[in-house]
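Participant: mmCIF, C-alpha atoms, saved as target-v9.cif, coming up:
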data_model
loop_
_atom_site.group_PDB
_atom_site.id
_atom_site.type_symbol
_atom_site.label_atom_id
_atom_site.label_comp_id
_atom_site.auth_asym_id
_atom_site.auth_seq_id
_atom_site.Cartn_x
_atom_site.Cartn_y
_atom_site.Cartn_z
ATOM 1 C CA MET E 96 44.060 62.336 24.875
ATOM 2 C CA ASN E 97 42.608 58.902 25.812
ATOM 3 C CA ILE E 98 39.052 60.289 25.630
ATOM 4 C CA ARG E 99 39.689 61.684 22.140
ATOM 5 C CA LEU E 100 41.241 58.374 21.005
ATOM 6 C CA THR E 101 38.298 56.397 22.425
ATOM 7 C CA ALA E 102 35.771 58.730 20.781
ATOM 8 C CA THR E 103 37.582 58.478 17.434
ATOM 9 C CA SER E 104 37.704 54.672 17.727
ATOM 10 C CA LEU E 105 33.957 54.519 18.424
ATOM 11 C CA LEU E 106 33.202 56.735 15.435
ATOM 12 C CA VAL E 107 35.303 54.500 13.195
ATOM 13 C CA VAL E 108 33.616 51.329 14.529
ATOM 14 C CA PHE E 109 30.100 52.772 14.150
ATOM 15 C CA GLY E 110 30.999 54.150 10.717
ATOM 16 C CA LEU E 111 32.241 50.735 9.565
ATOM 17 C CA ALA E 112 29.145 49.017 10.946
ATOM 18 C CA HIS E 113 26.923 51.469 9.061
ATOM 19 C CA THR E 114 28.879 50.976 5.842
ATOM 20 C CA HIS E 115 28.705 47.185 6.219
ATOM 21 C CA ALA E 116 24.930 47.275 6.665
ATOM 22 C CA GLN E 117 24.504 49.456 3.585
ATOM 23 C CA SER E 118 26.638 47.213 1.415
ATOM 24 C CA GLN E 119 24.520 44.191 2.380
ATOM 25 C CA THR E 120 21.237 45.869 1.490
ATOM 26 C CA ALA E 121 22.403 47.814 -1.569
ATOM 27 C CA ALA E 122 21.054 46.428 -4.847
ATOM 28 C CA ASP E 123 23.595 44.657 -7.028
ATOM 29 C CA VAL E 124 24.310 46.725 -10.157
ATOM 30 C CA TRP E 125 24.286 43.518 -12.238
ATOM 31 C CA PHE E 126 21.047 42.086 -10.854
ATOM 32 C CA ARG E 127 18.409 44.715 -10.147
ATOM 33 C CA ARG E 128 15.318 46.308 -11.570
ATOM 34 C CA SER E 129 15.724 49.350 -13.778
ATOM 35 C CA THR E 130 14.970 52.856 -12.614
ATOM 36 C CA LYS E 131 13.023 53.103 -15.905
ATOM 37 C CA PRO E 132 10.732 50.034 -15.760
ATOM 38 C CA ASP E 133 8.458 51.486 -18.462
ATOM 39 C CA ASP E 134 11.278 50.848 -20.975
ATOM 40 C CA PHE E 135 10.607 47.091 -20.598
ATOM 41 C CA SER E 136 7.663 44.811 -21.216
ATOM 42 C CA ALA E 137 6.864 41.192 -20.473
ATOM 43 C CA ALA E 138 7.779 39.106 -23.495
ATOM 44 C CA LYS E 139 4.880 37.277 -25.154
ATOM 45 C CA LEU E 140 6.311 33.813 -25.661
ATOM 46 C CA PRO E 141 4.915 30.378 -26.534
ATOM 47 C CA TRP E 142 6.437 28.792 -23.402
ATOM 48 C CA ASN E 143 4.920 28.825 -19.939
ATOM 49 C CA THR E 144 8.128 27.654 -18.255
ATOM 50 C CA PHE E 145 9.453 31.153 -17.512
ATOM 51 C CA SER E 146 8.698 34.853 -17.740
ATOM 52 C CA ILE E 147 11.063 37.633 -18.752
ATOM 53 C CA GLU E 148 10.933 41.371 -19.411
ATOM 54 C CA LEU E 149 12.812 42.664 -22.444
ATOM 55 C CA PRO E 150 13.555 46.198 -23.677
ATOM 56 C CA LYS E 151 10.563 47.511 -25.636
ATOM 57 C CA ASN E 152 12.689 48.933 -28.439
ATOM 58 C CA TRP E 153 14.634 45.696 -29.068
ATOM 59 C CA GLN E 154 13.638 43.147 -31.699
ATOM 60 C CA LEU E 155 12.885 39.566 -30.728
ATOM 61 C CA VAL E 156 14.207 36.898 -33.112
ATOM 62 C CA PRO E 157 13.740 33.135 -32.924
ATOM 63 C CA GLY E 158 16.321 30.786 -31.550
ATOM 64 C CA TYR E 159 17.280 27.273 -32.561
ATOM 65 C CA GLY E 160 18.134 24.139 -30.588
ATOM 66 C CA GLY E 161 18.995 25.117 -27.044
ATOM 67 C CA ILE E 162 18.685 28.850 -27.765
ATOM 68 C CA LEU E 163 15.082 29.799 -27.072
ATOM 69 C CA LEU E 164 15.237 33.409 -28.231
ATOM 70 C CA THR E 165 17.493 36.321 -28.991
ATOM 71 C CA ALA E 166 16.675 39.978 -28.450
ATOM 72 C CA VAL E 167 18.727 42.435 -30.486
ATOM 73 C CA GLU E 168 18.929 46.166 -30.189
ATOM 74 C CA LYS E 169 17.393 48.041 -33.111
ATOM 75 C CA THR E 170 19.798 50.627 -34.457
ATOM 76 C CA ARG E 171 19.343 53.330 -37.059
ATOM 77 C CA ASN E 172 22.214 52.122 -39.237
ATOM 78 C CA ASN E 173 21.494 48.378 -38.809
ATOM 79 C CA GLN E 174 24.928 47.908 -37.251
ATOM 80 C CA ALA E 175 25.070 45.133 -34.672
ATOM 81 C CA THR E 176 25.498 46.561 -31.196
ATOM 82 C CA ALA E 177 24.058 44.498 -28.331
ATOM 83 C CA ALA E 178 22.156 41.240 -27.975
ATOM 84 C CA ILE E 179 20.558 39.092 -25.295
ATOM 85 C CA ALA E 180 20.166 35.342 -25.892
ATOM 86 C CA LEU E 181 18.318 32.885 -23.680
ATOM 87 C CA GLU E 182 19.504 29.304 -23.752
ATOM 88 C CA GLN E 183 18.245 26.232 -21.928
ATOM 89 C CA MET E 184 19.916 22.933 -21.159
ATOM 90 C CA LEU E 185 18.437 19.871 -19.479
ATOM 91 C CA LEU E 186 20.379 18.717 -16.409
ATOM 92 C CA VAL E 187 20.770 15.092 -15.310
ATOM 93 C CA GLU E 188 19.718 15.936 -11.743
ATOM 94 C CA PRO E 189 17.888 18.954 -10.327
ATOM 95 C CA LEU E 190 20.038 21.499 -8.494
ATOM 96 C CA ALA E 191 19.138 22.673 -5.000
ATOM 97 C CA VAL E 192 19.860 26.249 -3.877
ATOM 98 C CA ASN E 193 22.911 24.995 -1.953
ATOM 99 C CA ASP E 194 24.298 23.490 -5.183
ATOM 100 C CA ILE E 195 24.601 26.973 -6.689
ATOM 101 C CA ASP E 196 28.051 27.686 -5.314
ATOM 102 C CA ALA E 197 31.669 28.355 -6.287
ATOM 103 C CA VAL E 198 32.025 24.819 -7.689
ATOM 104 C CA LEU E 199 29.074 25.338 -10.046
ATOM 105 C CA ALA E 200 30.449 28.784 -10.978
ATOM 106 C CA GLY E 201 33.748 27.107 -11.904
ATOM 107 C CA LEU E 202 31.963 24.498 -14.017
ATOM 108 C CA GLU E 203 29.901 27.163 -15.807
ATOM 109 C CA THR E 204 33.036 29.221 -16.468
ATOM 110 C CA ALA E 205 34.824 26.161 -17.880
ATOM 111 C CA ALA E 206 31.827 25.519 -20.145
ATOM 112 C CA ALA E 207 31.847 29.163 -21.309
ATOM 113 C CA ARG E 208 35.591 28.954 -22.069
ATOM 114 C CA GLN E 209 35.036 25.780 -24.076
ATOM 115 C CA ARG E 210 32.127 27.227 -26.066
ATOM 116 C CA ASP E 211 33.866 30.570 -26.662
ATOM 117 C CA PRO E 212 37.611 29.821 -27.072
ATOM 118 C CA ALA E 213 38.364 33.454 -28.030
ATOM 119 C CA GLY E 214 37.112 34.570 -24.589
ATOM 120 C CA GLN E 215 39.540 36.073 -22.102
ATOM 121 C CA ASP E 216 39.614 37.770 -18.672
ATOM 122 C CA PHE E 217 36.934 35.519 -17.173
ATOM 123 C CA ASP E 218 35.434 36.595 -13.853
ATOM 124 C CA GLN E 219 32.889 34.474 -11.977
ATOM 125 C CA GLN E 220 30.668 35.018 -8.941
ATOM 126 C CA VAL E 221 27.659 33.570 -7.206
ATOM 127 C CA LYS E 222 25.025 36.237 -6.638
ATOM 128 C CA GLU E 223 22.067 36.084 -4.289
ATOM 129 C CA ALA E 224 18.992 38.297 -4.070
ATOM 130 C CA ASP E 225 15.556 37.653 -2.604
ATOM 131 C CA GLY E 226 16.419 34.034 -1.871
ATOM 132 C CA ARG E 227 17.526 33.340 -5.453
ATOM 133 C CA ARG E 228 21.052 32.287 -6.348
ATOM 134 C CA ILE E 229 22.605 32.585 -9.774
ATOM 135 C CA VAL E 230 26.040 32.196 -11.313
ATOM 136 C CA PHE E 231 27.355 35.408 -12.858
ATOM 137 C CA ILE E 232 30.223 35.347 -15.373
ATOM 138 C CA GLN E 233 31.836 38.170 -17.327
ATOM 139 C CA TYR E 234 34.502 37.988 -19.998
ATOM 140 C CA SER E 235 35.846 39.768 -23.074
ATOM 141 C CA ARG E 236 35.992 38.504 -26.623
ATOM 142 C CA PRO E 237 36.612 39.902 -30.124
ATOM 143 C CA GLY E 238 33.396 41.303 -31.601
ATOM 144 C CA LEU E 239 32.169 42.578 -34.952
ATOM 145 C CA ASN E 240 33.236 46.144 -34.172
ATOM 146 C CA GLY E 241 36.046 45.744 -31.635
ATOM 147 C CA LEU E 242 36.152 44.200 -28.197
ATOM 148 C CA ASP E 243 32.860 42.866 -26.799
ATOM 149 C CA ARG E 244 32.021 42.094 -23.202
ATOM 150 C CA VAL E 245 29.878 39.046 -22.451
ATOM 151 C CA VAL E 246 27.776 38.946 -19.300
ATOM 152 C CA LEU E 247 26.360 35.490 -18.593
ATOM 153 C CA TYR E 248 23.751 34.662 -15.968
ATOM 154 C CA ALA E 249 23.393 30.917 -15.291
ATOM 155 C CA ILE E 250 20.034 30.357 -13.598
ATOM 156 C CA PRO E 251 19.258 26.771 -12.583
ATOM 157 C CA SER E 252 15.642 25.793 -12.081
ATOM 158 C CA GLY E 253 15.128 22.174 -11.110
ATOM 159 C CA ARG E 254 16.414 20.067 -13.993
ATOM 160 C CA VAL E 255 16.806 23.012 -16.378
ATOM 161 C CA MET E 256 19.810 25.330 -16.601
ATOM 162 C CA TYR E 257 18.872 28.646 -18.179
ATOM 163 C CA ARG E 258 21.689 30.837 -19.464
ATOM 164 C CA LEU E 259 20.971 34.480 -20.149
ATOM 165 C CA ILE E 260 23.836 35.622 -22.373
ATOM 166 C CA CYS E 261 24.193 39.386 -22.798
ATOM 167 C CA ILE E 262 26.706 40.865 -25.252
ATOM 168 C CA ALA E 263 27.664 44.508 -25.794
ATOM 169 C CA PRO E 264 30.675 46.550 -26.912
ATOM 170 C CA ALA E 265 33.132 46.597 -23.999
ATOM 171 C CA ALA E 266 33.512 50.387 -24.187
ATOM 172 C CA GLN E 267 29.755 50.893 -23.693
ATOM 173 C CA LEU E 268 28.924 48.077 -21.296
ATOM 174 C CA THR E 269 28.699 49.922 -17.994
ATOM 175 C CA THR E 270 27.523 53.271 -19.374
ATOM 176 C CA THR E 271 24.840 52.041 -21.783
ATOM 177 C CA TYR E 272 23.926 48.388 -21.232
ATOM 178 C CA GLN E 273 24.576 47.412 -17.618
ATOM 179 C CA ALA E 274 21.185 48.594 -16.329
ATOM 180 C CA THR E 275 19.392 46.861 -19.219
ATOM 181 C CA PHE E 276 21.119 43.535 -18.666
ATOM 182 C CA ALA E 277 20.606 43.764 -14.880
ATOM 183 C CA HIS E 278 16.864 44.411 -15.307
ATOM 184 C CA VAL E 279 16.357 41.579 -17.790
ATOM 185 C CA ALA E 280 18.250 39.147 -15.522
ATOM 186 C CA ARG E 281 16.304 40.207 -12.441
ATOM 187 C CA SER E 282 12.978 39.952 -14.272
ATOM 188 C CA PHE E 283 13.683 36.374 -15.447
ATOM 189 C CA LYS E 284 11.578 33.989 -13.396
ATOM 190 C CA PRO E 285 11.360 30.272 -14.102
ATOM 191 C CA SER E 286 7.961 28.781 -13.301
ATOM 192 C CA THR E 287 7.798 25.872 -10.890
ATOM 193 C CA GLN E 288 5.944 23.667 -13.397
ATOM 194 C CA GLY E 289 8.692 24.067 -15.998
ATOM 195 C CA SER E 290 11.499 23.125 -13.640
ATOM 196 C CA LYS E 291 10.520 19.497 -12.987
#
Here is a file; write its structure as structure tokens.
Facilitator:
Amino acid sequence: MNIRLTATSLLVVFGLAHTHAQSQTAADVWFRRSTKPDDFSAAKLPWNTFSIELPKNWQLVPGYGGILLTAVEKTRNNQATAAIALEQMLLVEPLAVNDIDAVLAGLETAAARQRDPAGQDFDQQVKEADGRRIVFIQYSRPGLNGLDRVVLYAIPSGRVMYRLICIAPAAQLTTTYQATFAHVARSFKPSTQGSK
């Protein structure tokens, strides 16, 4: 009986260790490259401060003020469905990697609540991949055709805070748009010259 109990305990311990290792190396579903990379292309933009890949079949429209660009999904019936906006804001001081933490996530969430007072069910995290840290926020809000889900990636680079704001119908977010938003966020790379 003791041998069987010891063997079972060892299997459980080794099984948990294996699971833990997998969860650390598994790609984050909200911040990873697409399994269909040919569906995206590098955006041709007038700025050399960042690079980004956007869905090939989406239309790029100009931004204004702090919003650099917006990419909108082309639909057959011209009904608004999903959009990706890229915003920039100049910071007073540059942020180091260690500054991208739960405190910054709280500040970014407070800013999102203030800018979008109809937002609800806010969820915030700090994500890390390949030595990069970002703030990740999700929330719901009323949309043009029902409830929308907003996925916001706050990506500091030196004295610039980039915000990648992705919006889609809540009912279709994980089934249709999650992989697209994750790929665009992962492909976004600020240049070192633009972050000073």
Participant: Which of these, E:Val230, E:Ala207, E:Tyr257, E:Gln273, has the shortest distance to Leu186 (chain E) once you count all atoms listed in the file?
Facilitator: E:Tyr257
Participant: Convert the output of the PyMOL selection byres ((chain E and resi 165) around 6) on the shown file into explicit residues, formatted as an MDAnalysis selection string.
Facilitator: chainID E and resid 155:156 164 166 179:180
Participant: For region 213-226 of chain E, I'd like the enclosing box, axis-aligned and padded by 4 Å on every side, reported as lines of an AutoDock Vina configuration file with centre and edge lengths in Å to one decimal.
Facilitator:
center_x = 27.6
center_y = 35.9
center_z = -15.0
size_x = 32.1
size_y = 12.8
size_z = 34.2
Participant: Using the chain letters and numbering of this document, enumerate as a list in words the residues selected by the PyMOL selection byres ((chain E and resi 151-154) around 7).
Facilitator: Asp134, Phe135, Ser136, Leu149, Pro150, Leu155, Val156, Ala166, Val167, Glu168 and Lys169 of chain E
Participant: Write a file of the selected residues as an mmCIF file, in the frame of the given file, keeping C-alpha atoms.
Facilitator:
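File written: again-v3.cif
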data_model
loop_
_atom_site.group_PDB
_atom_site.id
_atom_site.type_symbol
_atom_site.label_atom_id
_atom_site.label_comp_id
_atom_site.auth_asym_id
_atom_site.auth_seq_id
_atom_site.Cartn_x
_atom_site.Cartn_y
_atom_site.Cartn_z
ATOM 1 C CA ASP E 134 11.278 50.848 -20.975
ATOM 2 C CA PHE E 135 10.607 47.091 -20.598
ATOM 3 C CA SER E 136 7.663 44.811 -21.216
ATOM 4 C CA LEU E 149 12.812 42.664 -22.444
ATOM 5 C CA PRO E 150 13.555 46.198 -23.677
ATOM 6 C CA LEU E 155 12.885 39.566 -30.728
ATOM 7 C CA VAL E 156 14.207 36.898 -33.112
ATOM 8 C CA ALA E 166 16.675 39.978 -28.450
ATOM 9 C CA VAL E 167 18.727 42.435 -30.486
ATOM 10 C CA GLU E 168 18.929 46.166 -30.189
ATOM 11 C CA LYS E 169 17.393 48.041 -33.111
#
Participant: Pick from E:Ala178, E:Asp196, E:Thr271, E:Phe145: nearest to Val245 (chain E), with only C-alpha atoms counted?
Facilitator: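 That would be E:Ala178, the residue with the smallest distance to Val245 (chain E).
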Participant: Which is closer to Trp142 (chain E) than all the others in E:Gln267, E:Ala213, E:Met256, E:Leu163, using all atoms listed in the file?
Facilitator: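 Ranked by minimum distance to Trp142 (chain E), first place goes to E:Leu163.
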Participant: Which polymer residues have any atom within 12 Å of an atom of Ala249 (chain E), counting all atoms listed in the file, with same-chain residues fewer than 4 positions away left out, as a short mmCIF file (atom, residue, chain, number, x, y, z; two decimals) with C-alpha atoms, keeping the file's coordinate frame?
Facilitator:
data_model
loop_
_atom_site.label_atom_id
_atom_site.label_comp_id
_atom_site.auth_asym_id
_atom_site.auth_seq_id
_atom_site.Cartn_x
_atom_site.Cartn_y
_atom_site.Cartn_z
CA ALA E 180 20.17 35.34 -25.89
CA LEU E 181 18.32 32.88 -23.68
CA GLU E 182 19.50 29.30 -23.75
CA GLN E 183 18.24 26.23 -21.93
CA MET E 184 19.92 22.93 -21.16
CA ILE E 195 24.60 26.97 -6.69
CA ASP E 196 28.05 27.69 -5.31
CA LEU E 199 29.07 25.34 -10.05
CA ALA E 200 30.45 28.78 -10.98
CA GLY E 201 33.75 27.11 -11.90
CA LEU E 202 31.96 24.50 -14.02
CA GLU E 203 29.90 27.16 -15.81
CA THR E 204 33.04 29.22 -16.47
CA ALA E 206 31.83 25.52 -20.14
CA ALA E 207 31.85 29.16 -21.31
CA GLN E 219 32.89 34.47 -11.98
CA GLN E 220 30.67 35.02 -8.94
CA VAL E 221 27.66 33.57 -7.21
CA LYS E 222 25.02 36.24 -6.64
CA ARG E 227 17.53 33.34 -5.45
CA ARG E 228 21.05 32.29 -6.35
CA ILE E 229 22.60 32.58 -9.77
CA VAL E 230 26.04 32.20 -11.31
CA PHE E 231 27.36 35.41 -12.86
CA ILE E 232 30.22 35.35 -15.37
CA GLN E 233 31.84 38.17 -17.33
CA VAL E 255 16.81 23.01 -16.38
CA MET E 256 19.81 25.33 -16.60
CA TYR E 257 18.87 28.65 -18.18
CA ARG E 258 21.69 30.84 -19.46
CA LEU E 259 20.97 34.48 -20.15
CA ILE E 260 23.84 35.62 -22.37
CA CYS E 261 24.19 39.39 -22.80
CA ALA E 280 18.25 39.15 -15.52
CA PHE E 283 13.68 36.37 -15.45
#
Participant: Could you jot down the CA of Ala122 (chain E) to CA of Arg208 (chain E) separation for me, Å, one decimal place?
Facilitator: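 Going from CA of Ala122 (chain E) over to CA of Arg208 (chain E), I get 28.5 Å.
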Participant: In Å, rounded to a single decimal, give me how far CA of Pro157 (chain E) is from CA of Leu242 (chain E).
Facilitator: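 One can read the CA of Leu242 (chain E) to CA of Pro157 (chain E) distance as 25.4 Å.
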Participant: Between CA of Ser129 (chain E) and CA of Ile147 (chain E), what is the spacing in Å?
Facilitator: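 So the answer is 13.6 Å.
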Participant: Can you tell me, as a PyMOL selection string, what residues are no more than 10 Å from Pro264 (chain E) when counting only C-alpha atoms, ignoring any on the same chain fewer than 2 positions away?
Facilitator: chain E and resi 175-177+235-245+262+266-269+271-272
Participant: If we count all atoms listed in the file and set the cut-off at 8 Å, which residues sit around Arg127 (chain E), ignoring sequence neighbours fewer than 6 positions away in its own chain? Please answer as a list of chain:residue names.
Facilitator: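 Residues near the query, excluding close chain neighbours: E:Ala274, E:Ala277, E:His278, E:Ala280, E:Arg281.
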Participant: Nearest residue to Val192 (chain E) out of E:Asp211, E:Glu223, E:Asp123, E:Glu148, using only C-alpha atoms?
Facilitator: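 Using only C-alpha atoms, Val192 (chain E) sits closest to E:Glu223.
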Participant: Reconstruct N, CA and C atoms of region 178-204 of chain E; output as an mmCIF file, in the frame of the given file.
Facilitator:
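This is the output file part_14.cif:
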data_model
loop_
_atom_site.group_PDB
_atom_site.id
_atom_site.type_symbol
_atom_site.label_atom_id
_atom_site.label_comp_id
_atom_site.auth_asym_id
_atom_site.auth_seq_id
_atom_site.Cartn_x
_atom_site.Cartn_y
_atom_site.Cartn_z
ATOM 1 N N ALA E 178 23.111 42.342 -27.840
ATOM 2 C CA ALA E 178 22.156 41.240 -27.975
ATOM 3 C C ALA E 178 22.002 40.538 -26.634
ATOM 4 N N ILE E 179 20.846 39.916 -26.463
ATOM 5 C CA ILE E 179 20.558 39.092 -25.295
ATOM 6 C C ILE E 179 20.002 37.773 -25.827
ATOM 7 N N ALA E 180 20.636 36.670 -25.478
ATOM 8 C CA ALA E 180 20.166 35.342 -25.892
ATOM 9 C C ALA E 180 19.775 34.559 -24.643
ATOM 10 N N LEU E 181 18.738 33.753 -24.776
ATOM 11 C CA LEU E 181 18.318 32.885 -23.680
ATOM 12 C C LEU E 181 18.438 31.449 -24.148
ATOM 13 N N GLU E 182 19.217 30.689 -23.409
ATOM 14 C CA GLU E 182 19.504 29.304 -23.752
ATOM 15 C C GLU E 182 19.013 28.408 -22.615
ATOM 16 N N GLN E 183 18.605 27.201 -22.966
ATOM 17 C CA GLN E 183 18.245 26.232 -21.928
ATOM 18 C C GLN E 183 18.958 24.922 -22.183
ATOM 19 N N MET E 184 19.263 24.224 -21.079
ATOM 20 C CA MET E 184 19.916 22.933 -21.159
ATOM 21 C C MET E 184 19.310 22.044 -20.080
ATOM 22 N N LEU E 185 18.991 20.818 -20.437
ATOM 23 C CA LEU E 185 18.437 19.871 -19.479
ATOM 24 C C LEU E 185 19.565 19.277 -18.656
ATOM 25 N N LEU E 186 19.386 19.277 -17.330
ATOM 26 C CA LEU E 186 20.379 18.717 -16.409
ATOM 27 C C LEU E 186 20.019 17.267 -16.080
ATOM 28 N N VAL E 187 21.004 16.488 -15.693
ATOM 29 C CA VAL E 187 20.770 15.092 -15.310
ATOM 30 C C VAL E 187 19.991 15.033 -14.003
ATOM 31 N N GLU E 188 20.371 15.887 -13.048
ATOM 32 C CA GLU E 188 19.718 15.936 -11.743
ATOM 33 C C GLU E 188 19.323 17.371 -11.447
ATOM 34 N N PRO E 189 18.237 17.585 -10.713
ATOM 35 C CA PRO E 189 17.888 18.954 -10.327
ATOM 36 C C PRO E 189 18.916 19.519 -9.347
ATOM 37 N N LEU E 190 19.110 20.830 -9.397
ATOM 38 C CA LEU E 190 20.038 21.499 -8.494
ATOM 39 C C LEU E 190 19.260 22.188 -7.378
ATOM 40 N N ALA E 191 19.707 21.977 -6.151
ATOM 41 C CA ALA E 191 19.138 22.673 -5.000
ATOM 42 C C ALA E 191 19.832 24.030 -4.869
ATOM 43 N N VAL E 192 19.265 24.918 -4.077
ATOM 44 C CA VAL E 192 19.860 26.249 -3.877
ATOM 45 C C VAL E 192 21.297 26.119 -3.379
ATOM 46 N N ASN E 193 21.556 25.180 -2.489
ATOM 47 C CA ASN E 193 22.911 24.995 -1.953
ATOM 48 C C ASN E 193 23.909 24.511 -3.001
ATOM 49 N N ASP E 194 23.421 23.945 -4.108
ATOM 50 C CA ASP E 194 24.298 23.490 -5.183
ATOM 51 C C ASP E 194 24.808 24.644 -6.042
ATOM 52 N N ILE E 195 24.198 25.800 -5.898
ATOM 53 C CA ILE E 195 24.601 26.973 -6.689
ATOM 54 C C ILE E 195 25.690 27.674 -5.887
ATOM 55 N N ASP E 196 26.933 27.231 -6.127
ATOM 56 C CA ASP E 196 28.051 27.686 -5.314
ATOM 57 C C ASP E 196 29.280 27.912 -6.193
ATOM 58 N N ALA E 197 30.429 28.084 -5.554
ATOM 59 C CA ALA E 197 31.669 28.355 -6.287
ATOM 60 C C ALA E 197 32.047 27.200 -7.212
ATOM 61 N N VAL E 198 31.727 25.971 -6.830
ATOM 62 C CA VAL E 198 32.025 24.819 -7.689
ATOM 63 C C VAL E 198 31.211 24.907 -8.985
ATOM 64 N N LEU E 199 29.912 25.190 -8.856
ATOM 65 C CA LEU E 199 29.074 25.338 -10.046
ATOM 66 C C LEU E 199 29.547 26.521 -10.889
ATOM 67 N N ALA E 200 29.937 27.620 -10.236
ATOM 68 C CA ALA E 200 30.449 28.784 -10.978
ATOM 69 C C ALA E 200 31.688 28.395 -11.779
ATOM 70 N N GLY E 201 32.561 27.576 -11.186
ATOM 71 C CA GLY E 201 33.748 27.107 -11.904
ATOM 72 C C GLY E 201 33.394 26.237 -13.095
ATOM 73 N N LEU E 202 32.405 25.359 -12.910
ATOM 74 C CA LEU E 202 31.963 24.498 -14.017
ATOM 75 C C LEU E 202 31.342 25.321 -15.146
ATOM 76 N N GLU E 203 30.523 26.308 -14.785
ATOM 77 C CA GLU E 203 29.901 27.163 -15.807
ATOM 78 C C GLU E 203 30.953 27.994 -16.543
ATOM 79 N N THR E 204 31.965 28.451 -15.831
ATOM 80 C CA THR E 204 33.036 29.221 -16.468
ATOM 81 C C THR E 204 33.832 28.331 -17.418
#
